[in-house]
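Structure below is upload_18.cif: mmCIF, C-alpha atoms.
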```
data_run
#
loop_
_atom_site.label_atom_id
_atom_site.label_comp_id
_atom_site.auth_asym_id
_atom_site.auth_seq_id
_atom_site.Cartn_x
_atom_site.Cartn_y
_atom_site.Cartn_z
CA MET A 1 101.16 102.53 112.81
CA SER A 2 101.01 99.62 115.16
CA ALA A 3 103.90 99.49 117.62
CA SER A 4 104.17 95.79 116.85
CA LEU A 5 105.17 96.62 113.27
CA THR A 6 107.54 99.50 113.99
CA SER A 7 109.30 98.22 117.09
CA LEU A 8 111.30 95.12 117.87
CA PRO A 9 110.98 92.85 120.90
CA ASP A 10 113.94 92.82 123.29
CA ASP A 11 114.40 89.06 122.95
CA LEU A 12 114.61 88.95 119.15
CA PRO A 13 116.81 85.98 118.15
CA VAL A 14 120.05 86.86 116.39
CA PRO A 15 120.53 85.16 113.00
CA ALA A 16 123.79 83.25 112.48
CA ASP A 17 126.01 83.61 109.44
CA ASP A 18 125.37 80.33 107.66
CA GLY A 19 127.60 81.27 104.70
CA ALA A 20 124.62 81.28 102.31
CA ALA A 21 125.53 84.72 100.92
CA ALA A 22 129.32 84.34 100.65
CA HIS A 23 129.17 83.54 96.91
CA LEU A 24 127.60 86.93 96.21
CA LEU A 25 130.67 89.04 97.06
CA GLY A 26 132.33 89.99 93.77
CA ALA A 27 129.58 88.38 91.70
CA ARG A 28 127.90 90.01 88.75
CA LEU A 29 124.18 89.89 89.36
CA PRO A 30 122.01 88.11 86.81
CA ASP A 31 119.93 90.29 84.51
CA VAL A 32 116.47 89.77 85.99
CA ALA A 33 113.74 92.38 85.50
CA LEU A 34 111.74 93.13 88.65
CA ARG A 35 108.56 95.16 89.05
CA ALA A 36 108.93 98.23 91.24
CA THR A 37 106.38 100.06 93.33
CA ASP A 38 106.88 103.22 91.23
CA GLY A 39 105.63 101.34 88.13
CA SER A 40 109.06 100.86 86.59
CA THR A 41 110.87 97.64 85.80
CA VAL A 42 114.36 97.37 87.29
CA SER A 43 117.30 95.04 86.69
CA LEU A 44 119.87 95.48 89.45
CA ALA A 45 122.46 94.09 87.01
CA LYS A 46 121.96 96.96 84.55
CA LEU A 47 121.99 99.93 86.91
CA LYS A 48 124.90 102.31 86.53
CA GLY A 49 126.69 103.66 89.56
CA ARG A 50 126.28 102.49 93.14
CA THR A 51 123.11 100.74 94.28
CA VAL A 52 122.15 99.62 97.76
CA ALA A 53 119.53 96.87 97.74
CA TYR A 54 118.27 95.42 100.98
CA ALA A 55 116.40 92.13 100.93
CA TYR A 56 113.86 91.26 103.60
CA PRO A 57 111.33 88.47 104.20
CA ARG A 58 108.07 90.45 104.23
CA THR A 59 106.57 93.59 105.70
CA GLY A 60 103.64 93.21 108.04
CA GLU A 61 100.18 94.66 107.55
CA PRO A 62 98.57 96.90 110.17
CA GLY A 63 95.76 95.22 112.04
CA LYS A 64 96.65 91.75 110.79
CA PRO A 65 98.31 88.97 112.78
CA THR A 66 101.93 88.02 112.18
CA PHE A 67 102.63 85.86 109.15
CA THR A 68 103.08 82.75 111.29
CA GLU A 69 102.57 82.21 115.01
CA ASP A 70 106.30 81.63 115.49
CA TRP A 71 107.42 84.60 113.33
CA ASP A 72 109.22 86.37 116.18
CA ALA A 73 111.13 83.17 117.04
CA ILE A 74 112.59 82.73 113.53
CA PRO A 75 116.06 84.33 113.52
CA GLY A 76 116.08 87.19 111.01
CA ALA A 77 112.36 87.12 110.22
CA ARG A 78 111.03 89.98 112.33
CA GLY A 79 111.93 93.59 111.57
CA CYS A 80 111.11 94.30 107.93
CA THR A 81 109.13 97.46 108.63
CA PRO A 82 111.78 98.91 110.99
CA GLN A 83 114.46 98.07 108.41
CA SER A 84 112.56 99.92 105.67
CA CYS A 85 112.03 102.86 108.01
CA ASP A 86 115.77 102.98 108.77
CA PHE A 87 116.52 103.20 105.03
CA ARG A 88 113.83 105.88 104.68
CA ASP A 89 115.30 107.89 107.55
CA HIS A 90 118.87 107.65 106.20
CA PHE A 91 118.05 107.93 102.49
CA ASP A 92 119.46 111.45 102.08
CA GLU A 93 122.61 110.46 103.96
CA LEU A 94 123.11 107.45 101.66
CA LYS A 95 122.65 109.66 98.60
CA GLY A 96 125.15 112.15 100.03
CA LEU A 97 127.68 109.33 100.38
CA GLY A 98 127.49 108.47 96.68
CA VAL A 99 124.65 105.95 96.51
CA ASP A 100 122.80 106.44 93.22
CA HIS A 101 119.93 103.99 93.84
CA VAL A 102 118.26 102.46 96.90
CA TYR A 103 115.79 99.58 96.68
CA GLY A 104 114.06 97.23 99.06
CA LEU A 105 113.53 93.68 97.76
CA SER A 106 111.16 90.92 98.83
CA THR A 107 109.10 88.10 97.38
CA GLN A 108 105.88 89.96 98.13
CA THR A 109 103.76 91.13 95.21
CA ARG A 110 104.17 94.65 93.85
CA GLU A 111 100.62 95.43 94.96
CA TYR A 112 101.38 94.36 98.54
CA GLN A 113 104.63 96.34 98.50
CA THR A 114 102.95 99.44 97.06
CA GLU A 115 100.72 99.63 100.14
CA ALA A 116 103.78 99.37 102.41
CA ALA A 117 105.82 101.92 100.42
CA THR A 118 102.94 104.40 100.56
CA ARG A 119 102.14 103.78 104.24
CA LEU A 120 105.80 104.10 105.25
CA HIS A 121 106.44 107.14 103.00
CA LEU A 122 109.46 105.51 101.39
CA PRO A 123 111.45 107.84 99.10
CA PHE A 124 112.64 104.86 97.04
CA PRO A 125 110.87 101.94 95.33
CA LEU A 126 110.48 98.40 96.58
CA LEU A 127 111.15 95.59 94.12
CA SER A 128 108.98 92.50 93.82
CA ASP A 129 110.61 89.12 93.22
CA ALA A 130 107.27 87.36 93.67
CA HIS A 131 108.28 84.52 91.35
CA ARG A 132 111.74 84.30 92.97
CA ALA A 133 113.45 84.72 89.59
CA LEU A 134 116.29 86.83 91.02
CA ALA A 135 116.42 84.79 94.22
CA MET A 136 116.96 81.58 92.24
CA ALA A 137 119.28 83.04 89.58
CA ALA A 138 121.55 84.75 92.13
CA ARG A 139 121.05 82.01 94.76
CA LEU A 140 119.98 84.53 97.38
CA PRO A 141 119.62 83.02 100.86
CA THR A 142 116.03 81.98 101.63
CA PHE A 143 114.03 80.23 104.32
CA GLU A 144 110.62 78.57 104.54
CA ALA A 145 107.81 79.92 106.71
CA GLY A 146 104.04 79.67 106.46
CA GLY A 147 104.34 77.48 103.39
CA GLU A 148 106.26 80.15 101.46
CA THR A 149 109.88 80.67 100.46
CA LEU A 150 111.07 84.04 101.75
CA LEU A 151 114.31 85.98 101.37
CA ARG A 152 116.73 86.10 104.28
CA ARG A 153 117.63 89.60 105.32
CA LEU A 154 120.77 90.90 103.60
CA THR A 155 122.03 94.15 102.13
CA LEU A 156 123.98 94.35 98.90
CA VAL A 157 126.21 97.20 97.76
CA ILE A 158 126.25 96.91 93.97
CA ASP A 159 128.55 98.87 91.68
CA ASP A 160 127.60 98.71 87.98
CA GLY A 161 125.94 95.32 88.49
CA VAL A 162 128.68 93.73 90.64
CA VAL A 163 128.27 93.07 94.38
CA THR A 164 131.20 94.90 95.97
CA HIS A 165 130.11 94.55 99.59
CA LEU A 166 127.41 92.71 101.48
CA PHE A 167 125.93 92.70 104.94
CA TYR A 168 124.80 89.24 106.02
CA PRO A 169 123.26 88.47 108.33
CA VAL A 170 121.72 91.85 109.09
CA PHE A 171 121.07 92.47 112.77
CA PRO A 172 119.47 94.39 114.26
CA PRO A 173 117.26 95.15 111.28
CA ASP A 174 116.32 98.61 112.52
CA ARG A 175 119.98 99.68 112.15
CA SER A 176 120.54 98.24 108.68
CA ALA A 177 120.88 101.57 106.84
CA ARG A 178 123.14 102.93 109.57
CA GLN A 179 125.46 99.94 109.06
CA VAL A 180 125.69 100.84 105.38
CA VAL A 181 126.30 104.52 106.18
CA ALA A 182 129.11 103.58 108.61
CA TRP A 183 130.72 101.34 105.98
CA LEU A 184 130.47 104.05 103.30
CA GLU A 185 132.03 106.62 105.64
CA ALA A 186 134.86 104.23 106.57
CA SER A 187 135.45 103.45 102.88
CA ARG A 188 135.84 107.14 102.14
CA ARG A 189 138.48 107.48 104.87
CA ALA A 190 140.44 104.41 103.72
#
```
Could you express the structure from this file as structure tokens?
Amino acid sequence: MSASLTSLPDDLPVPADDGAAAHLLGARLPDVALRATDGSTVSLAKLKGRTVAYAYPRTGEPGKPTFTEDWDAIPGARGCTPQSCDFRDHFDELKGLGVDHVYGLSTQTREYQTEAATRLHLPFPLLSDAHRALAMAARLPTFEAGGETLLRRLTLVIDDGVVTHLFYPVFPPDRSARQVVAWLEASRRA
């Protein structure tokens, strides 16, 4: 794997909390069916138990240039591959802390995501919201880059279809799963 995809620059800009995700805490997610890289169709609203879903703008492709020339300068844009790798590396720990389902979510096509899930050896599926049906219905935070509307990076803890905790903004992205693990451990002690 290219170091540019799996590592983060030291001067990565920190995203600010613009309040665009505040309405999600305590909200029941809309019933929107999304295609998954394992061939299934998933509605985050219908899943039983605890789900962790992390949204990200887009994973990079080895050997291809960044999505836009200014990608690294957009706060919260860079780091999708390291974020997915962090969830991969802490998947068993999340499951051991009571998480029933883990999903990554982006507006990339299922075909594009399938390549990334295979290349990164992810033990969980990625969900495609290529038509932004969930993004629009749930009013997920987005931004524009390269002529496309992309999801801002956030992580949702969902219990039986209701968002019970959220991480927004997520920074640094390569520690996203560890932030969830720390919160789950603290919740157990409380």
Would you mind listing what lies within 7 Å of range 103-119 of chain A as a VMD selection string, with all atoms listed in the file counted and same-chain residues fewer than 2 positions away left out?
-> chain A and resid 35 to 37 52 to 58 101 121 to 122 124 to 130 132 150 to 151
Starting from the shown file, work through the PyMOL selection byres ((chain A and resi 12-17) around 7) and note down what comes out as a PyMOL selection string.
-> chain A and resi 9-11+18-19+72-73+75-76+168-169+171
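We find CA of Leu94 in chain A and CA of Pro30 in chain A to be spaced 24.4 Å apart.
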Picked residues, the PyMOL selection byres ((chain A and resi 142) around 10), expected as a ChimeraX atom specification = /A:20-21,56-57,132,135-136,139-141,143-145,148-153
Identify which of the residues A:Leu34, A:Cys85, A:Leu166, A:Leu24 lies closest to Leu120 in chain A, counting all atoms listed in the file when measuring atom-to-atom distances.
-> A:Cys85
Distance CA of Pro173 in chain A-CA of Pro82 in chain A, one decimal place?
->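 We find that CA of Pro173 in chain A and CA of Pro82 in chain A lie 6.7 Å from each other.
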Return range 95-106 of chain A, completed with all heavy atoms, as a PDB file, in the coordinates of the input.
```pdb
ATOM      1  N   LYS A  95     122.457 108.947  99.863  1.00  0.00           N
ATOM      2  CA  LYS A  95     122.650 109.660  98.600  1.00  0.00           C
ATOM      3  C   LYS A  95     123.865 110.588  98.685  1.00  0.00           C
ATOM      4  O   LYS A  95     124.655 110.678  97.752  1.00  0.00           O
ATOM      5  CB  LYS A  95     121.393 110.460  98.229  1.00  0.00           C
ATOM      6  CG  LYS A  95     120.153 109.601  97.988  1.00  0.00           C
ATOM      7  CD  LYS A  95     120.257 108.754  96.765  1.00  0.00           C
ATOM      8  CE  LYS A  95     119.722 109.499  95.575  1.00  0.00           C
ATOM      9  NZ  LYS A  95     119.657 108.687  94.362  1.00  0.00           N
ATOM     10  N   GLY A  96     124.019 111.258  99.832  1.00  0.00           N
ATOM     11  CA  GLY A  96     125.150 112.150 100.030  1.00  0.00           C
ATOM     12  C   GLY A  96     126.489 111.427 100.071  1.00  0.00           C
ATOM     13  O   GLY A  96     127.544 112.034  99.855  1.00  0.00           O
ATOM     14  N   LEU A  97     126.457 110.137 100.342  1.00  0.00           N
ATOM     15  CA  LEU A  97     127.680 109.330 100.380  1.00  0.00           C
ATOM     16  C   LEU A  97     127.916 108.589  99.062  1.00  0.00           C
ATOM     17  O   LEU A  97     128.712 107.657  99.001  1.00  0.00           O
ATOM     18  CB  LEU A  97     127.609 108.338 101.545  1.00  0.00           C
ATOM     19  CG  LEU A  97     127.747 108.970 102.931  1.00  0.00           C
ATOM     20  CD1 LEU A  97     127.331 107.996 104.021  1.00  0.00           C
ATOM     21  CD2 LEU A  97     129.192 109.444 103.140  1.00  0.00           C
ATOM     22  N   GLY A  98     127.221 109.000  98.008  1.00  0.00           N
ATOM     23  CA  GLY A  98     127.490 108.470  96.680  1.00  0.00           C
ATOM     24  C   GLY A  98     126.619 107.323  96.212  1.00  0.00           C
ATOM     25  O   GLY A  98     126.901 106.715  95.172  1.00  0.00           O
ATOM     26  N   VAL A  99     125.560 107.019  96.936  1.00  0.00           N
ATOM     27  CA  VAL A  99     124.650 105.950  96.510  1.00  0.00           C
ATOM     28  C   VAL A  99     123.687 106.540  95.477  1.00  0.00           C
ATOM     29  O   VAL A  99     122.998 107.527  95.752  1.00  0.00           O
ATOM     30  CB  VAL A  99     123.893 105.347  97.706  1.00  0.00           C
ATOM     31  CG1 VAL A  99     122.857 104.337  97.239  1.00  0.00           C
ATOM     32  CG2 VAL A  99     124.876 104.706  98.675  1.00  0.00           C
ATOM     33  N   ASP A 100     123.666 105.946  94.298  1.00  0.00           N
ATOM     34  CA  ASP A 100     122.800 106.440  93.220  1.00  0.00           C
ATOM     35  C   ASP A 100     121.386 105.904  93.295  1.00  0.00           C
ATOM     36  O   ASP A 100     120.439 106.577  92.901  1.00  0.00           O
ATOM     37  CB  ASP A 100     123.412 106.058  91.858  1.00  0.00           C
ATOM     38  CG  ASP A 100     124.776 106.682  91.654  1.00  0.00           C
ATOM     39  OD1 ASP A 100     124.862 107.915  91.604  1.00  0.00           O
ATOM     40  OD2 ASP A 100     125.770 105.922  91.565  1.00  0.00           O
ATOM     41  N   HIS A 101     121.239 104.644  93.791  1.00  0.00           N
ATOM     42  CA  HIS A 101     119.930 103.990  93.840  1.00  0.00           C
ATOM     43  C   HIS A 101     119.791 103.224  95.148  1.00  0.00           C
ATOM     44  O   HIS A 101     120.740 102.581  95.595  1.00  0.00           O
ATOM     45  CB  HIS A 101     119.773 102.969  92.691  1.00  0.00           C
ATOM     46  CG  HIS A 101     120.223 103.463  91.363  1.00  0.00           C
ATOM     47  ND1 HIS A 101     119.433 104.232  90.553  1.00  0.00           N
ATOM     48  CD2 HIS A 101     121.391 103.296  90.695  1.00  0.00           C
ATOM     49  CE1 HIS A 101     120.097 104.520  89.436  1.00  0.00           C
ATOM     50  NE2 HIS A 101     121.283 103.960  89.510  1.00  0.00           N
ATOM     51  N   VAL A 102     118.594 103.267  95.722  1.00  0.00           N
ATOM     52  CA  VAL A 102     118.260 102.460  96.900  1.00  0.00           C
ATOM     53  C   VAL A 102     116.976 101.711  96.580  1.00  0.00           C
ATOM     54  O   VAL A 102     116.020 102.293  96.056  1.00  0.00           O
ATOM     55  CB  VAL A 102     118.050 103.334  98.163  1.00  0.00           C
ATOM     56  CG1 VAL A 102     117.593 102.485  99.337  1.00  0.00           C
ATOM     57  CG2 VAL A 102     119.323 104.099  98.515  1.00  0.00           C
ATOM     58  N   TYR A 103     116.976 100.415  96.887  1.00  0.00           N
ATOM     59  CA  TYR A 103     115.790  99.580  96.680  1.00  0.00           C
ATOM     60  C   TYR A 103     115.634  98.608  97.838  1.00  0.00           C
ATOM     61  O   TYR A 103     116.617  98.096  98.357  1.00  0.00           O
ATOM     62  CB  TYR A 103     115.902  98.741  95.393  1.00  0.00           C
ATOM     63  CG  TYR A 103     115.916  99.537  94.128  1.00  0.00           C
ATOM     64  CD1 TYR A 103     117.103  99.795  93.467  1.00  0.00           C
ATOM     65  CD2 TYR A 103     114.729 100.023  93.585  1.00  0.00           C
ATOM     66  CE1 TYR A 103     117.121 100.537  92.291  1.00  0.00           C
ATOM     67  CE2 TYR A 103     114.737 100.759  92.414  1.00  0.00           C
ATOM     68  CZ  TYR A 103     115.936 101.019  91.775  1.00  0.00           C
ATOM     69  OH  TYR A 103     115.939 101.752  90.619  1.00  0.00           O
ATOM     70  N   GLY A 104     114.388  98.348  98.194  1.00  0.00           N
ATOM     71  CA  GLY A 104     114.060  97.230  99.060  1.00  0.00           C
ATOM     72  C   GLY A 104     113.623  96.087  98.149  1.00  0.00           C
ATOM     73  O   GLY A 104     113.112  96.323  97.051  1.00  0.00           O
ATOM     74  N   LEU A 105     113.821  94.846  98.592  1.00  0.00           N
ATOM     75  CA  LEU A 105     113.530  93.680  97.760  1.00  0.00           C
ATOM     76  C   LEU A 105     112.912  92.587  98.603  1.00  0.00           C
ATOM     77  O   LEU A 105     113.457  92.216  99.647  1.00  0.00           O
ATOM     78  CB  LEU A 105     114.835  93.174  97.132  1.00  0.00           C
ATOM     79  CG  LEU A 105     114.809  91.820  96.421  1.00  0.00           C
ATOM     80  CD1 LEU A 105     114.003  91.912  95.125  1.00  0.00           C
ATOM     81  CD2 LEU A 105     116.230  91.351  96.145  1.00  0.00           C
ATOM     82  N   SER A 106     111.768  92.075  98.162  1.00  0.00           N
ATOM     83  CA  SER A 106     111.160  90.920  98.830  1.00  0.00           C
ATOM     84  C   SER A 106     110.401  90.088  97.800  1.00  0.00           C
ATOM     85  O   SER A 106     110.275  90.478  96.639  1.00  0.00           O
ATOM     86  CB  SER A 106     110.206  91.356  99.944  1.00  0.00           C
ATOM     87  OG  SER A 106     108.951  91.746  99.426  1.00  0.00           O
TER      88      SER A 106
END
```
